[in-house]
Amino acid sequence: MQKMRSYLVLAMIVLFAGTSFQTSAQRVSVSFQMFYNELQPYGSWFNHPDYGYVWAPDVTGDFTPYATNGYWSVTQYGNTWVSNYDWGWAPFHYGRWYLDNFYGWIWVPDTVWSPAWVVWRNGGGYYGWAPMSPGLHFSFSFNMFNRIPNNYWTFCSEQYVWSSSWYSYCAPRYRNVYIVNNTNYVYNYYVDNSNHYYCGPSYREINRVTGRPIRVREVEE
């Protein structure tokens with residue numbers, strides 16, 4: 001099992017000397033059966049009335065996707081979420097997250113890979129990101145992203161987003177409504193075979209707000 005899990009960690013990060021910055025989603029050899037087998041030890045699978053077979057992780061109540069136990073790294077695919085969870089290779093690079101009133105955060109599987117299935121906002125000294133809701137795709141208009149609830153967003157002081165201690169510089173969630181209303185979507189995406197893949201802040205923008213060159217790392221399959 002451990003050997004298989006190591007093989008499946010598609011977001012292994014190593015140092016990379018280049019500075020290219022684009023993103024693309026990739027379809028690789030994964031299946032729902034593989035998700036089921038690999039994630040079963042870390043949570044519960046069940047049938048959801050709206051989304052079918054979904055997975056709920058065994059985590060604490062304050063868990064938030066793309067905001068708990070991980071960090072952002074700039075890779076050749078753009079802003080890539082690097083999770084510290086053993087199971088993070090799957091739910092943060094495939095599928096969508098949904099906050100259910102009864103079950104909490106649940107993951108709706110899909111087989112298309114991305115560096116992170118999130119959308120970004122910027123303004124007032126903050127960058128913010130939020131998990132894409134089920135049914136949303138990068139090819140949709142940005143107006144469709146207004147369906148993302150305010151409490152999905154995480155906002156961090158822009159110069160610290162790519163810091164190892166980024167979580168110490170986040171705005172409290174009770175301010176999300178105000179910040180959402182005073183920020184704009186980051187319109188930065190990559191088009192590949194008529195599909196739009198969202199990559200968030202550009203490499204040049206990240207260098208500007210952090211005041212230092214950000215090292216680009218390489219994602220290896």
# chains A, B, ... in the order shown; residues from 1 in each chain; ligands from 1
>>> residues_around(residues="stretch 67-73 of chain A", least_positions_apart="5", cutoff="12 Å", atoms="only C-alpha atoms", output="VMD selection string")
chain A and resid 11 to 16 21 59 to 62 78 to 89 92 115 to 116 118 128 to 131 152 to 156 160 to 168 170 173 199 to 201 203 206 214 to 219
>>> residues_around(residues="stretch 120-125 of chain A", least_positions_apart="6", cutoff="7 Å", atoms="only C-alpha atoms", output="list in words")
Ser157, Glu158, Asn182, Thr183, Asn184, Tyr185, Val186 and Gly200 of chain A
>>> atom_distance(atom1="atom CA of A:Val108", atom2="atom CA of A:Glu220")
24.6 Å
>>> atom_distance(atom1="atom CA of A:Thr75", atom2="atom CA of A:Ser202")
11.1 Å
>>> select_by_dssp(residues="stretch 101-208 of chain A", states="helix (DSSP H, G or I)", output="PyMOL selection string")
chain A and resi 142-147+150-152+158-160+166-169+173-180+203-208
>>> write_last_selection(atoms="N, CA, C and O atoms", output="compact mmCIF listing (two decimals), in the first residue's frame")
# COMPACT_ATOMS: atom_id res chain seq x y z
N PHE A 142 -16.26 33.85 -15.43
CA PHE A 142 -15.96 34.19 -14.04
C PHE A 142 -17.22 34.57 -13.27
O PHE A 142 -17.24 34.48 -12.05
N ASN A 143 -18.27 35.00 -13.97
CA ASN A 143 -19.52 35.30 -13.28
C ASN A 143 -20.10 34.06 -12.62
O ASN A 143 -20.80 34.15 -11.60
N MET A 144 -19.79 32.89 -13.17
CA MET A 144 -20.29 31.65 -12.58
C MET A 144 -19.65 31.40 -11.22
O MET A 144 -20.23 30.76 -10.35
N PHE A 145 -18.44 31.94 -11.01
CA PHE A 145 -17.76 31.71 -9.75
C PHE A 145 -18.42 32.48 -8.60
O PHE A 145 -18.07 32.26 -7.43
N ASN A 146 -19.34 33.38 -8.92
CA ASN A 146 -20.06 34.08 -7.85
C ASN A 146 -20.94 33.13 -7.05
O ASN A 146 -21.46 33.51 -6.00
N ARG A 147 -21.09 31.89 -7.54
CA ARG A 147 -21.84 30.89 -6.80
C ARG A 147 -21.04 30.37 -5.61
O ARG A 147 -21.58 29.67 -4.75
N ASN A 150 -19.26 32.87 0.45
CA ASN A 150 -18.23 33.72 1.06
C ASN A 150 -17.37 32.96 2.06
O ASN A 150 -16.18 33.25 2.21
N ASN A 151 -17.97 31.99 2.76
CA ASN A 151 -17.20 31.29 3.80
C ASN A 151 -16.23 30.26 3.22
O ASN A 151 -15.48 29.63 3.97
N TYR A 152 -16.21 30.08 1.91
CA TYR A 152 -15.22 29.20 1.28
C TYR A 152 -13.86 29.88 1.16
O TYR A 152 -12.84 29.22 0.98
N GLU A 158 -0.97 39.69 0.93
CA GLU A 158 -0.44 39.23 -0.35
C GLU A 158 1.05 38.88 -0.31
O GLU A 158 1.49 37.96 -0.99
N GLN A 159 1.85 39.56 0.50
CA GLN A 159 3.29 39.29 0.49
C GLN A 159 3.67 38.01 1.21
O GLN A 159 4.80 37.54 1.12
N TYR A 160 2.68 37.39 1.94
CA TYR A 160 2.99 36.21 2.74
C TYR A 160 2.36 34.92 2.21
O TYR A 160 2.58 33.85 2.79
N TRP A 166 2.39 31.25 6.15
CA TRP A 166 1.34 32.08 5.55
C TRP A 166 0.10 32.15 6.43
O TRP A 166 -0.58 33.19 6.49
N TYR A 167 -0.24 31.06 7.12
CA TYR A 167 -1.47 30.99 7.91
C TYR A 167 -1.48 31.98 9.07
O TYR A 167 -2.54 32.29 9.63
N SER A 168 -0.31 32.51 9.44
CA SER A 168 -0.24 33.50 10.52
C SER A 168 -0.65 34.89 10.05
O SER A 168 -0.79 35.81 10.87
N TYR A 169 -0.85 35.06 8.76
CA TYR A 169 -1.14 36.37 8.19
C TYR A 169 -2.49 36.40 7.48
O TYR A 169 -2.71 37.23 6.61
N ARG A 173 -12.16 34.96 9.26
CA ARG A 173 -13.21 34.65 8.29
C ARG A 173 -14.45 35.53 8.43
O ARG A 173 -15.21 35.68 7.47
N TYR A 174 -14.66 36.12 9.60
CA TYR A 174 -15.83 37.00 9.72
C TYR A 174 -15.69 38.24 8.84
O TYR A 174 -16.67 38.95 8.60
N ARG A 175 -14.48 38.52 8.34
CA ARG A 175 -14.27 39.65 7.45
C ARG A 175 -14.42 39.28 5.98
O ARG A 175 -14.28 40.14 5.10
N ASN A 176 -14.73 38.02 5.69
CA ASN A 176 -14.77 37.57 4.30
C ASN A 176 -15.76 38.35 3.45
O ASN A 176 -15.47 38.69 2.29
N VAL A 177 -16.94 38.62 3.99
CA VAL A 177 -17.95 39.34 3.19
C VAL A 177 -17.40 40.69 2.76
O VAL A 177 -17.50 41.08 1.59
N TYR A 178 -16.80 41.42 3.69
CA TYR A 178 -16.23 42.73 3.36
C TYR A 178 -15.11 42.60 2.34
O TYR A 178 -15.07 43.36 1.35
N ILE A 179 -14.20 41.64 2.54
CA ILE A 179 -13.06 41.53 1.63
C ILE A 179 -13.50 41.07 0.25
O ILE A 179 -13.01 41.56 -0.77
N VAL A 180 -14.43 40.11 0.19
CA VAL A 180 -14.94 39.66 -1.12
C VAL A 180 -15.50 40.83 -1.91
O VAL A 180 -15.28 40.98 -3.11
N TYR A 203 3.66 34.64 -12.13
CA TYR A 203 5.00 34.62 -11.55
C TYR A 203 5.53 36.04 -11.37
O TYR A 203 6.10 36.38 -10.32
N ARG A 204 5.32 36.90 -12.36
CA ARG A 204 5.80 38.28 -12.26
C ARG A 204 5.10 39.03 -11.13
O ARG A 204 5.74 39.79 -10.37
N GLU A 205 3.79 38.81 -10.99
CA GLU A 205 3.04 39.47 -9.92
C GLU A 205 3.50 38.99 -8.54
O GLU A 205 3.63 39.78 -7.60
N ILE A 206 3.76 37.70 -8.42
CA ILE A 206 4.22 37.15 -7.14
C ILE A 206 5.56 37.77 -6.75
O ILE A 206 5.78 38.16 -5.60
N ASN A 207 6.47 37.88 -7.71
CA ASN A 207 7.77 38.51 -7.43
C ASN A 207 7.60 39.95 -6.97
O ASN A 207 8.32 40.42 -6.07
N ARG A 208 6.64 40.66 -7.58
CA ARG A 208 6.44 42.06 -7.23
C ARG A 208 5.92 42.21 -5.80
O ARG A 208 6.45 43.00 -5.02
>>> residues_around(residues="A:Ser44", least_positions_apart="4", cutoff="12 Å", atoms="only C-alpha atoms", output="list in words")
Phe35, Tyr36, Asn37, Glu38, Leu39, Gln40, His48, Tyr53, Val54, Trp55, Ala56, Pro57, Asp58, Val59, Tyr103, Trp105, Ile106 and Trp107 of chain A
>>> write_last_selection(atoms="N, CA, C and O atoms", output="compact mmCIF listing (two decimals), in the first residue's frame")
# COMPACT_ATOMS: atom_id res chain seq x y z
N PHE A 35 -9.31 5.87 -6.18
CA PHE A 35 -9.62 6.84 -5.12
C PHE A 35 -10.21 6.12 -3.91
O PHE A 35 -9.82 6.38 -2.76
N TYR A 36 -11.15 5.23 -4.17
CA TYR A 36 -11.81 4.53 -3.07
C TYR A 36 -10.80 3.74 -2.23
O TYR A 36 -10.77 3.84 -1.00
N ASN A 37 -9.94 2.98 -2.91
CA ASN A 37 -8.98 2.14 -2.19
C ASN A 37 -7.98 2.96 -1.40
O ASN A 37 -7.65 2.62 -0.25
N GLU A 38 -7.49 4.04 -1.98
CA GLU A 38 -6.43 4.82 -1.36
C GLU A 38 -6.94 5.74 -0.25
O GLU A 38 -6.21 6.02 0.71
N LEU A 39 -8.17 6.22 -0.37
CA LEU A 39 -8.69 7.19 0.60
C LEU A 39 -9.49 6.54 1.73
O LEU A 39 -9.72 7.18 2.76
N GLN A 40 -9.90 5.30 1.54
CA GLN A 40 -10.74 4.65 2.55
C GLN A 40 -10.13 4.66 3.95
O GLN A 40 -10.84 4.87 4.93
N HIS A 48 -24.18 10.71 -1.35
CA HIS A 48 -24.77 12.02 -1.03
C HIS A 48 -25.98 12.24 -1.92
O HIS A 48 -25.96 11.89 -3.12
N TYR A 53 -21.58 9.36 -4.90
CA TYR A 53 -20.58 8.80 -3.99
C TYR A 53 -19.50 9.83 -3.70
O TYR A 53 -18.80 10.29 -4.61
N VAL A 54 -19.37 10.20 -2.42
CA VAL A 54 -18.43 11.24 -2.01
C VAL A 54 -17.61 10.73 -0.82
O VAL A 54 -17.91 9.69 -0.23
N TRP A 55 -16.58 11.51 -0.48
CA TRP A 55 -15.67 11.12 0.60
C TRP A 55 -15.56 12.26 1.61
O TRP A 55 -15.41 13.42 1.24
N ALA A 56 -15.61 11.91 2.90
CA ALA A 56 -15.43 12.88 3.98
C ALA A 56 -14.18 12.49 4.77
O ALA A 56 -14.10 11.38 5.29
N PRO A 57 -13.18 13.37 4.86
CA PRO A 57 -11.95 13.02 5.57
C PRO A 57 -12.14 13.00 7.08
O PRO A 57 -12.99 13.72 7.62
N ASP A 58 -11.33 12.20 7.75
CA ASP A 58 -11.30 12.19 9.22
C ASP A 58 -10.37 13.32 9.67
O ASP A 58 -9.15 13.13 9.79
N VAL A 59 -10.94 14.49 9.89
CA VAL A 59 -10.15 15.67 10.26
C VAL A 59 -10.88 16.42 11.37
O VAL A 59 -12.03 16.13 11.68
N TYR A 103 -22.54 17.01 7.08
CA TYR A 103 -21.30 16.23 7.07
C TYR A 103 -20.04 17.08 7.16
O TYR A 103 -18.95 16.56 7.41
N TRP A 105 -17.06 19.35 5.33
CA TRP A 105 -16.43 19.35 4.02
C TRP A 105 -16.40 17.93 3.45
O TRP A 105 -15.94 17.00 4.10
N ILE A 106 -16.93 17.79 2.23
CA ILE A 106 -16.89 16.51 1.54
C ILE A 106 -16.25 16.71 0.17
O ILE A 106 -16.30 17.79 -0.42
N TRP A 107 -15.64 15.65 -0.32
CA TRP A 107 -14.95 15.71 -1.61
C TRP A 107 -15.73 14.94 -2.65
O TRP A 107 -16.11 13.79 -2.44
>>> closest_residue(among="A:Tyr126, A:Trp113, A:Tyr77, A:Tyr66", to="A:Gly95", atoms="only C-alpha atoms")
A:Trp113
>>> atom_distance(atom1="atom CA of A:Arg212", atom2="atom CA of A:Pro172")
26.5 Å
>>> residues_around(residues="A:Gly52", least_positions_apart="5", cutoff="10 Å", atoms="only C-alpha atoms", output="NGL selection string")
:A and (46-47 or 108-109)
